[in-house]
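K.L.:
Just protein-v2.txt, nothing more (compact mmCIF, C-alpha atoms):
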# COMPACT_ATOMS: atom_id res chain seq x y z
CA MET A 1 -114.74 -71.29 108.38
CA MET A 2 -113.62 -72.42 104.91
CA ARG A 3 -117.19 -72.14 103.62
CA VAL A 4 -117.44 -68.56 104.81
CA LEU A 5 -114.15 -67.64 103.15
CA ALA A 6 -115.18 -69.37 99.92
CA SER A 7 -118.50 -67.51 99.94
CA LEU A 8 -116.79 -64.16 100.49
CA ALA A 9 -114.32 -64.88 97.69
CA ALA A 10 -117.17 -65.79 95.33
CA LEU A 11 -119.00 -62.57 96.22
CA ALA A 12 -115.85 -60.54 95.58
CA LEU A 13 -115.43 -62.15 92.14
CA LEU A 14 -119.10 -61.61 91.31
CA SER A 15 -118.95 -57.91 92.12
CA ALA A 16 -116.01 -57.50 89.74
CA CYS A 17 -117.76 -59.06 86.73
CA GLY A 18 -119.22 -55.75 85.53
CA LEU A 19 -122.86 -56.79 85.61
CA GLN A 20 -125.26 -54.01 86.47
CA PRO A 21 -129.02 -54.15 86.87
CA ILE A 22 -130.84 -52.72 83.87
CA TYR A 23 -133.45 -50.99 85.98
CA ALA A 24 -131.00 -49.49 88.46
CA GLY A 25 -132.57 -46.44 90.06
CA GLY A 26 -136.12 -47.80 89.82
CA SER A 27 -138.65 -45.53 88.12
CA ASN A 28 -136.15 -42.64 88.22
CA GLY A 29 -133.41 -44.63 86.52
CA VAL A 30 -132.12 -43.87 83.03
CA ILE A 31 -133.75 -46.92 81.42
CA ALA A 32 -137.14 -46.48 83.09
CA ARG A 33 -137.24 -42.80 82.07
CA GLY A 34 -136.16 -43.73 78.55
CA LEU A 35 -138.90 -46.34 78.23
CA ALA A 36 -141.49 -43.90 79.61
CA GLY A 37 -140.32 -41.41 76.97
CA ILE A 38 -141.46 -43.70 74.12
CA GLU A 39 -144.76 -42.74 72.51
CA VAL A 40 -146.53 -45.65 70.83
CA ALA A 41 -148.16 -44.50 67.60
CA PRO A 42 -151.74 -45.72 67.02
CA ILE A 43 -151.94 -49.20 65.47
CA GLU A 44 -154.84 -50.30 63.25
CA GLY A 45 -157.42 -52.91 64.22
CA GLN A 46 -158.38 -54.78 67.34
CA GLU A 47 -155.00 -56.46 67.53
CA GLY A 48 -153.41 -53.02 67.22
CA TRP A 49 -155.47 -51.70 70.11
CA LEU A 50 -154.42 -54.69 72.23
CA MET A 51 -150.77 -54.28 71.24
CA ARG A 52 -150.68 -50.55 71.93
CA ASN A 53 -152.20 -51.06 75.38
CA ALA A 54 -149.74 -53.87 76.17
CA LEU A 55 -146.80 -51.73 75.06
CA ASN A 56 -147.95 -48.68 77.02
CA ASP A 57 -148.36 -50.84 80.14
CA ARG A 58 -144.84 -52.20 79.81
CA LEU A 59 -143.27 -48.86 78.95
CA GLY A 60 -144.74 -47.20 82.02
CA ARG A 61 -146.73 -44.65 80.05
CA GLY A 62 -149.96 -43.34 81.45
CA GLU A 63 -152.63 -41.46 79.52
CA GLY A 64 -151.26 -38.12 80.68
CA SER A 65 -147.62 -38.86 79.85
CA ALA A 66 -145.85 -36.00 78.20
CA GLY A 67 -142.34 -35.31 76.98
CA SER A 68 -141.86 -38.08 74.45
CA GLN A 69 -138.34 -38.41 73.14
CA TYR A 70 -139.02 -41.40 70.90
CA ARG A 71 -141.88 -42.73 68.77
CA LEU A 72 -142.56 -46.42 68.30
CA ASP A 73 -144.21 -47.32 64.99
CA VAL A 74 -145.65 -50.84 64.81
CA LEU A 75 -147.16 -52.75 61.88
CA LEU A 76 -148.89 -56.01 62.76
CA ASP A 77 -149.52 -59.11 60.69
CA ASP A 78 -152.14 -61.35 62.34
CA ARG A 79 -152.86 -64.67 60.62
CA LEU A 80 -155.18 -67.50 61.48
CA GLU A 81 -154.76 -70.69 59.48
CA GLY A 82 -156.44 -74.05 59.67
CA LEU A 83 -154.35 -77.16 60.24
CA GLY A 84 -155.10 -80.78 60.89
CA LEU A 85 -157.95 -81.91 58.70
CA LEU A 86 -160.19 -84.50 60.29
CA THR A 87 -161.71 -87.48 58.45
CA ASP A 88 -164.88 -85.48 57.70
CA ASP A 89 -162.80 -82.72 56.03
CA THR A 90 -163.24 -80.26 58.91
CA ILE A 91 -160.40 -78.38 60.54
CA GLY A 92 -159.35 -79.80 63.91
CA ARG A 93 -156.60 -77.33 64.78
CA GLU A 94 -155.71 -73.73 63.97
CA ARG A 95 -152.54 -71.71 64.33
CA ARG A 96 -152.66 -68.02 65.10
CA THR A 97 -149.50 -66.12 64.23
CA LEU A 98 -148.80 -62.53 65.25
CA ARG A 99 -145.79 -60.72 63.81
CA ALA A 100 -144.83 -57.12 64.48
CA ARG A 101 -142.45 -54.97 62.50
CA TYR A 102 -141.47 -52.02 64.62
CA GLN A 103 -139.27 -48.97 64.41
CA LEU A 104 -138.03 -46.75 67.21
CA VAL A 105 -137.65 -43.21 65.91
CA ASP A 106 -135.82 -40.38 67.68
CA MET A 107 -138.39 -37.57 67.47
CA ALA A 108 -135.76 -34.81 67.61
CA THR A 109 -133.66 -36.02 64.68
CA GLY A 110 -135.96 -38.43 62.83
CA GLU A 111 -133.24 -41.10 63.05
CA ILE A 112 -134.46 -44.71 63.15
CA LEU A 113 -132.74 -46.33 66.12
CA VAL A 114 -134.35 -49.76 65.84
CA ASP A 115 -135.91 -51.49 62.84
CA ALA A 116 -136.78 -55.04 63.83
CA THR A 117 -139.45 -57.71 64.01
CA ALA A 118 -140.94 -59.75 66.80
CA GLY A 119 -143.47 -62.53 66.70
CA SER A 120 -145.06 -65.53 68.25
CA ASP A 121 -147.69 -68.13 67.46
CA ALA A 122 -150.22 -70.25 69.28
CA GLY A 123 -152.10 -73.44 68.53
CA ILE A 124 -155.86 -73.56 68.96
CA ASP A 125 -158.08 -76.65 69.14
CA VAL A 126 -161.23 -76.34 67.05
CA VAL A 127 -164.09 -77.84 69.01
CA GLY A 128 -167.75 -78.51 68.26
CA SER A 129 -168.87 -75.25 69.85
CA GLU A 130 -168.33 -72.26 67.56
CA TYR A 131 -168.48 -69.94 70.57
CA ALA A 132 -165.70 -71.86 72.34
CA THR A 133 -163.51 -71.76 69.22
CA ILE A 134 -164.00 -68.01 68.81
CA ALA A 135 -163.23 -67.48 72.51
CA ALA A 136 -160.04 -69.55 72.15
CA GLU A 137 -158.99 -67.53 69.08
CA GLN A 138 -159.55 -64.27 71.00
CA THR A 139 -157.64 -65.54 74.03
CA ALA A 140 -154.77 -66.60 71.78
CA LEU A 141 -154.66 -63.10 70.26
CA GLU A 142 -154.60 -61.47 73.69
CA ASN A 143 -151.79 -63.78 74.86
CA LEU A 144 -149.79 -63.26 71.68
CA THR A 145 -149.96 -59.47 71.97
CA VAL A 146 -148.52 -59.73 75.48
CA GLU A 147 -145.70 -62.03 74.32
CA VAL A 148 -144.81 -59.85 71.34
CA ALA A 149 -144.99 -56.65 73.42
CA ASP A 150 -142.57 -58.22 75.91
CA GLN A 151 -140.15 -59.07 73.09
CA ILE A 152 -140.32 -55.51 71.77
CA VAL A 153 -139.73 -53.92 75.18
CA VAL A 154 -136.74 -56.20 75.87
CA ARG A 155 -135.15 -55.09 72.60
CA LEU A 156 -135.91 -51.42 73.27
CA THR A 157 -134.44 -51.75 76.76
CA ARG A 158 -131.20 -53.11 75.35
CA VAL A 159 -130.99 -50.27 72.81
CA LEU A 160 -131.63 -47.62 75.44
CA ARG A 161 -129.04 -49.25 77.70
CA GLU A 162 -126.42 -49.12 74.92
CA ARG A 163 -127.22 -45.45 74.26
CA ALA A 164 -126.89 -44.61 77.96
CA GLU A 165 -123.40 -46.13 78.25
Written as structure tokens, that's how I'd like the structure from this file.
P.N.:
Amino acid sequence: MMRVLASLAALALLSACGLQPIYAGGSNGVIARGLAGIEVAPIEGQEGWLMRNALNDRLGRGEGSAGSQYRLDVLLDDRLEGLGLLTDDTIGRERRTLRARYQLVDMATGEILVDATAGSDAGIDVVGSEYATIAAEQTALENLTVEVADQIVVRLTRVLRERAE
């Protein structure tokens, strides 16, 4: 009996803490509609194409989406550098770094709501097969775009949440 009362008391305290789910209301909620109202401007290069697709997937924007309230401008910096020289002066390890500087612009007023950066990096083993190394570099780029896109969307979600309150 005491366990039941303790559980009920804990639930009562938890409900009074003021926490609310960000995506309350599902796809019709304020945050989901706000994210779907963000148009991602075209981004240069292969990494830009990957990033734009990752962002559109996470924002819930389809090809036919209309009614954009915001524009997301993204500039990418993709670097691949050799590390770890082996005894025969060849590179044994590489690091791929992807950084994004992004701005969320209110299309009605031109006001910049967010001006921030996001980034991540990955280590790549350089092996004897050139094909395998190139495939690993490409896979690292694809994974990094997903990680950076997630970081951007989390930040945009927080900003939209603050504006909705």
K.L.:
Would you mind listing what lies within 10 Å of stretch 76-82 of chain A as an MDAnalysis selection string, with all atoms listed in the file counted and same-chain residues fewer than 4 positions away left out?
P.N.:
chainID A and resid 43:45 47:48 51 90:102 117:119 121:126 137 141 144:145
K.L.:
From the list A:Ala6, A:Ile31, A:Gln138, A:Leu72, which residue is nearest A:Arg161 when using only C-alpha atoms?
P.N.:
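Distance minimum relative to A:Arg161 lands on A:Ile31.
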K.L.:
Can you measure atom CA of A:Val154 to atom CA of A:Arg58 for me? One decimal in Å is fine.
P.N.:
9.9 Å
K.L.:
Taking all atoms listed in the file into account, name the residue in A:Arg163, A:Ala54, A:Ser129, A:Asp106 that is nearest to A:Asn143.
P.N.:
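Closest candidate: A:Ala54.
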K.L.:
With a distance cut-off of 8 Å and only C-alpha atoms, select the neighbouring residues of A:Gly60, excluding the residue or stretch itself and same-chain residues fewer than 3 positions from it, and output the selection as a ChimeraX atom specification.
P.N.:
/A:32,35-36,56-57
K.L.:
What are the centre and the three edge lengths of an axis-aligned box that wraps all atoms of stretch 145-163 of chain A in the file, given that 4 Å is added to every side, written as AutoDock Vina command-line options and rounded to one decimal in Å?
P.N.:
--center_x -138.2 --center_y -53.7 --center_z 74.5 --size_x 31.5 --size_y 24.6 --size_z 14.4
K.L.:
To one decimal place, how far is atom CA of A:Leu59 from atom CA of A:Glu39 in Å?
P.N.:
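For atom CA of A:Leu59 relative to atom CA of A:Glu39, the distance reads 9.0 Å.
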K.L.:
From the set A:Arg3, A:Arg52, A:Arg71, A:Arg155, which residue has the shortest atom-to-atom contact distance to A:Gly37, counting only C-alpha atoms?
P.N.:
A:Arg71
K.L.:
Please measure the separation of atom CA of A:Asp115 and atom CA of A:Gln69, giving the value in Å to one decimal.
P.N.:
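Rounded to one decimal, the two atoms are 16.8 Å apart.
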K.L.:
Could you check which of A:Val146, A:Tyr70, A:Leu86, A:Gly110 is closest to A:Leu160, using only C-alpha atoms?
P.N.:
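Going through A:Val146, A:Tyr70, A:Leu86, A:Gly110 one by one, the smallest distance to A:Leu160 is for A:Tyr70.
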